[in-house]
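Each remark here refers to the structure printed beneath this line.
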Amino acid sequence: EIWALLLTHYSIRHLMTRAADQADLDPDQLSFTRSLRIIRRQVTNQADFSPSTPPRRTS
């Protein structure tokens with residue numbers, strides 16, 4: 001679990017750095033908590049559909 005948390009933290013920081021570069025800002029000026037909330041909102045908005053059910057096996 002710690003690896004997943006570390007990878008998630010690194011990924012968010014990487015996205016923050018890319019966003020700061022595009023906006024010509026210092027990455028240290030961006031809030032990690034605010035970025036996390038924005039990313040979480042984006043991910044949950046894209047999950048508005050229910051997954052399809054797998055086909056049943058016939059024996």
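Each chain of the structure tokens is named A, B, ... in the order shown, its residues numbered from 1; ligands are numbered from 1 in display order.
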Can you list, as a compact mmCIF listing (two decimals) with N, CA, C and O atoms, in the first residue's frame, every protein, DNA or RNA residue that comes within 9 Å of segment 4-13 of chain A when you count only C-alpha atoms, leaving out same-chain residues fewer than 5 positions away?
```txt
# COMPACT_ATOMS: atom_id res chain seq x y z
N ARG A 18 3.74 20.19 -14.23
CA ARG A 18 3.37 20.44 -15.62
C ARG A 18 2.40 21.61 -15.73
O ARG A 18 2.53 22.47 -16.61
N PRO A 27 6.16 26.01 -9.15
CA PRO A 27 5.35 24.89 -8.63
C PRO A 27 5.12 24.94 -7.13
O PRO A 27 4.14 24.40 -6.62
N PHE A 32 -0.98 21.45 -2.73
CA PHE A 32 -1.15 20.01 -2.96
C PHE A 32 -2.58 19.59 -2.65
O PHE A 32 -3.20 18.84 -3.41
N SER A 35 -4.94 20.74 -5.35
CA SER A 35 -4.72 19.94 -6.56
C SER A 35 -5.34 18.56 -6.40
O SER A 35 -5.96 18.04 -7.34
N LEU A 36 -5.18 17.97 -5.24
CA LEU A 36 -5.78 16.66 -4.97
C LEU A 36 -7.30 16.71 -5.12
O LEU A 36 -7.90 15.82 -5.73
N ILE A 39 -8.22 16.95 -8.85
CA ILE A 39 -8.01 15.67 -9.53
C ILE A 39 -9.09 14.68 -9.11
O ILE A 39 -9.65 13.97 -9.94
```
Q) Among chain A, which residues carry a DSSP assignment of alpha helix (DSSP H), reported as a PyMOL selection string? A) chain A and resi 2-22+32-46
Expected file: the selected residues, N, CA and C atoms, as an mmCIF file, in the first residue's frame:
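In the end it all went to selection_33.cif:
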```cif
data_model
loop_
_atom_site.group_PDB
_atom_site.id
_atom_site.type_symbol
_atom_site.label_atom_id
_atom_site.label_comp_id
_atom_site.auth_asym_id
_atom_site.auth_seq_id
_atom_site.Cartn_x
_atom_site.Cartn_y
_atom_site.Cartn_z
ATOM 1 N N ILE A 2 1.995 1.202 0.656
ATOM 2 C CA ILE A 2 2.836 2.404 0.717
ATOM 3 C C ILE A 2 3.330 2.784 -0.669
ATOM 4 N N TRP A 3 3.606 1.775 -1.508
ATOM 5 C CA TRP A 3 4.063 2.077 -2.876
ATOM 6 C C TRP A 3 2.964 2.788 -3.653
ATOM 7 N N ALA A 4 1.738 2.367 -3.488
ATOM 8 C CA ALA A 4 0.619 3.010 -4.184
ATOM 9 C C ALA A 4 0.475 4.465 -3.726
ATOM 10 N N LEU A 5 0.606 4.708 -2.442
ATOM 11 C CA LEU A 5 0.510 6.074 -1.930
ATOM 12 C C LEU A 5 1.655 6.946 -2.446
ATOM 13 N N LEU A 6 2.856 6.387 -2.458
ATOM 14 C CA LEU A 6 4.002 7.143 -2.960
ATOM 15 C C LEU A 6 3.868 7.453 -4.448
ATOM 16 N N LEU A 7 3.408 6.474 -5.223
ATOM 17 C CA LEU A 7 3.220 6.698 -6.654
ATOM 18 C C LEU A 7 2.122 7.736 -6.911
ATOM 19 N N THR A 8 1.064 7.691 -6.127
ATOM 20 C CA THR A 8 -0.007 8.667 -6.274
ATOM 21 C C THR A 8 0.495 10.067 -5.939
ATOM 22 N N HIS A 9 1.249 10.181 -4.865
ATOM 23 C CA HIS A 9 1.812 11.478 -4.470
ATOM 24 C C HIS A 9 2.734 12.001 -5.560
ATOM 25 N N TYR A 10 3.598 11.142 -6.088
ATOM 26 C CA TYR A 10 4.514 11.546 -7.151
ATOM 27 C C TYR A 10 3.744 11.986 -8.391
ATOM 28 N N SER A 11 2.688 11.252 -8.745
ATOM 29 C CA SER A 11 1.901 11.577 -9.933
ATOM 30 C C SER A 11 1.224 12.942 -9.792
ATOM 31 N N ILE A 12 0.679 13.203 -8.613
ATOM 32 C CA ILE A 12 0.034 14.498 -8.388
ATOM 33 C C ILE A 12 1.062 15.618 -8.463
ATOM 34 N N ARG A 13 2.222 15.415 -7.857
ATOM 35 C CA ARG A 13 3.275 16.438 -7.919
ATOM 36 C C ARG A 13 3.743 16.660 -9.364
ATOM 37 N N HIS A 14 3.809 15.596 -10.141
ATOM 38 C CA HIS A 14 4.211 15.709 -11.545
ATOM 39 C C HIS A 14 3.176 16.528 -12.325
ATOM 40 N N LEU A 15 1.899 16.250 -12.111
ATOM 41 C CA LEU A 15 0.847 17.030 -12.763
ATOM 42 C C LEU A 15 0.890 18.497 -12.335
ATOM 43 N N MET A 16 1.173 18.731 -11.071
ATOM 44 C CA MET A 16 1.270 20.096 -10.579
ATOM 45 C C MET A 16 2.429 20.834 -11.254
ATOM 46 N N THR A 17 3.548 20.156 -11.432
ATOM 47 C CA THR A 17 4.705 20.764 -12.078
ATOM 48 C C THR A 17 4.400 21.105 -13.527
ATOM 49 N N ARG A 18 3.737 20.186 -14.227
ATOM 50 C CA ARG A 18 3.373 20.444 -15.624
ATOM 51 C C ARG A 18 2.404 21.613 -15.731
ATOM 52 N N ALA A 19 1.433 21.672 -14.827
ATOM 53 C CA ALA A 19 0.467 22.775 -14.841
ATOM 54 C C ALA A 19 1.154 24.104 -14.541
ATOM 55 N N ALA A 20 2.074 24.095 -13.597
ATOM 56 C CA ALA A 20 2.798 25.316 -13.254
ATOM 57 C C ALA A 20 3.665 25.775 -14.420
ATOM 58 N N ASP A 21 4.275 24.848 -15.129
ATOM 59 C CA ASP A 21 5.086 25.207 -16.297
ATOM 60 C C ASP A 21 4.224 25.851 -17.381
ATOM 61 N N GLN A 22 3.041 25.296 -17.608
ATOM 62 C CA GLN A 22 2.156 25.855 -18.632
ATOM 63 C C GLN A 22 1.660 27.246 -18.244
ATOM 64 N N PHE A 32 -0.980 21.452 -2.730
ATOM 65 C CA PHE A 32 -1.150 20.015 -2.964
ATOM 66 C C PHE A 32 -2.576 19.587 -2.648
ATOM 67 N N THR A 33 -3.120 20.071 -1.552
ATOM 68 C CA THR A 33 -4.477 19.690 -1.150
ATOM 69 C C THR A 33 -5.497 20.145 -2.179
ATOM 70 N N ARG A 34 -5.350 21.342 -2.664
ATOM 71 C CA ARG A 34 -6.286 21.852 -3.673
ATOM 72 C C ARG A 34 -6.161 21.064 -4.972
ATOM 73 N N SER A 35 -4.936 20.742 -5.351
ATOM 74 C CA SER A 35 -4.720 19.941 -6.558
ATOM 75 C C SER A 35 -5.337 18.559 -6.400
ATOM 76 N N LEU A 36 -5.183 17.967 -5.236
ATOM 77 C CA LEU A 36 -5.779 16.660 -4.968
ATOM 78 C C LEU A 36 -7.298 16.705 -5.116
ATOM 79 N N ARG A 37 -7.916 17.754 -4.586
ATOM 80 C CA ARG A 37 -9.378 17.891 -4.697
ATOM 81 C C ARG A 37 -9.816 18.045 -6.149
ATOM 82 N N ILE A 38 -9.071 18.816 -6.919
ATOM 83 C CA ILE A 38 -9.406 19.005 -8.336
ATOM 84 C C ILE A 38 -9.292 17.688 -9.090
ATOM 85 N N ILE A 39 -8.217 16.955 -8.851
ATOM 86 C CA ILE A 39 -8.006 15.672 -9.531
ATOM 87 C C ILE A 39 -9.090 14.683 -9.114
ATOM 88 N N ARG A 40 -9.404 14.635 -7.843
ATOM 89 C CA ARG A 40 -10.432 13.715 -7.356
ATOM 90 C C ARG A 40 -11.783 14.023 -7.989
ATOM 91 N N ARG A 41 -12.093 15.314 -8.118
ATOM 92 C CA ARG A 41 -13.347 15.717 -8.749
ATOM 93 C C ARG A 41 -13.370 15.305 -10.224
ATOM 94 N N GLN A 42 -12.253 15.469 -10.930
ATOM 95 C CA GLN A 42 -12.167 15.077 -12.335
ATOM 96 C C GLN A 42 -12.361 13.581 -12.505
ATOM 97 N N VAL A 43 -11.722 12.804 -11.665
ATOM 98 C CA VAL A 43 -11.786 11.349 -11.787
ATOM 99 C C VAL A 43 -13.192 10.846 -11.490
ATOM 100 N N THR A 44 -13.827 11.383 -10.464
ATOM 101 C CA THR A 44 -15.167 10.911 -10.135
ATOM 102 C C THR A 44 -16.196 11.379 -11.154
ATOM 103 N N ASN A 45 -15.985 12.525 -11.779
ATOM 104 C CA ASN A 45 -16.908 12.994 -12.812
ATOM 105 C C ASN A 45 -16.860 12.096 -14.037
ATOM 106 N N GLN A 46 -15.721 11.518 -14.326
ATOM 107 C CA GLN A 46 -15.581 10.661 -15.491
ATOM 108 C C GLN A 46 -16.134 9.265 -15.237
#
```
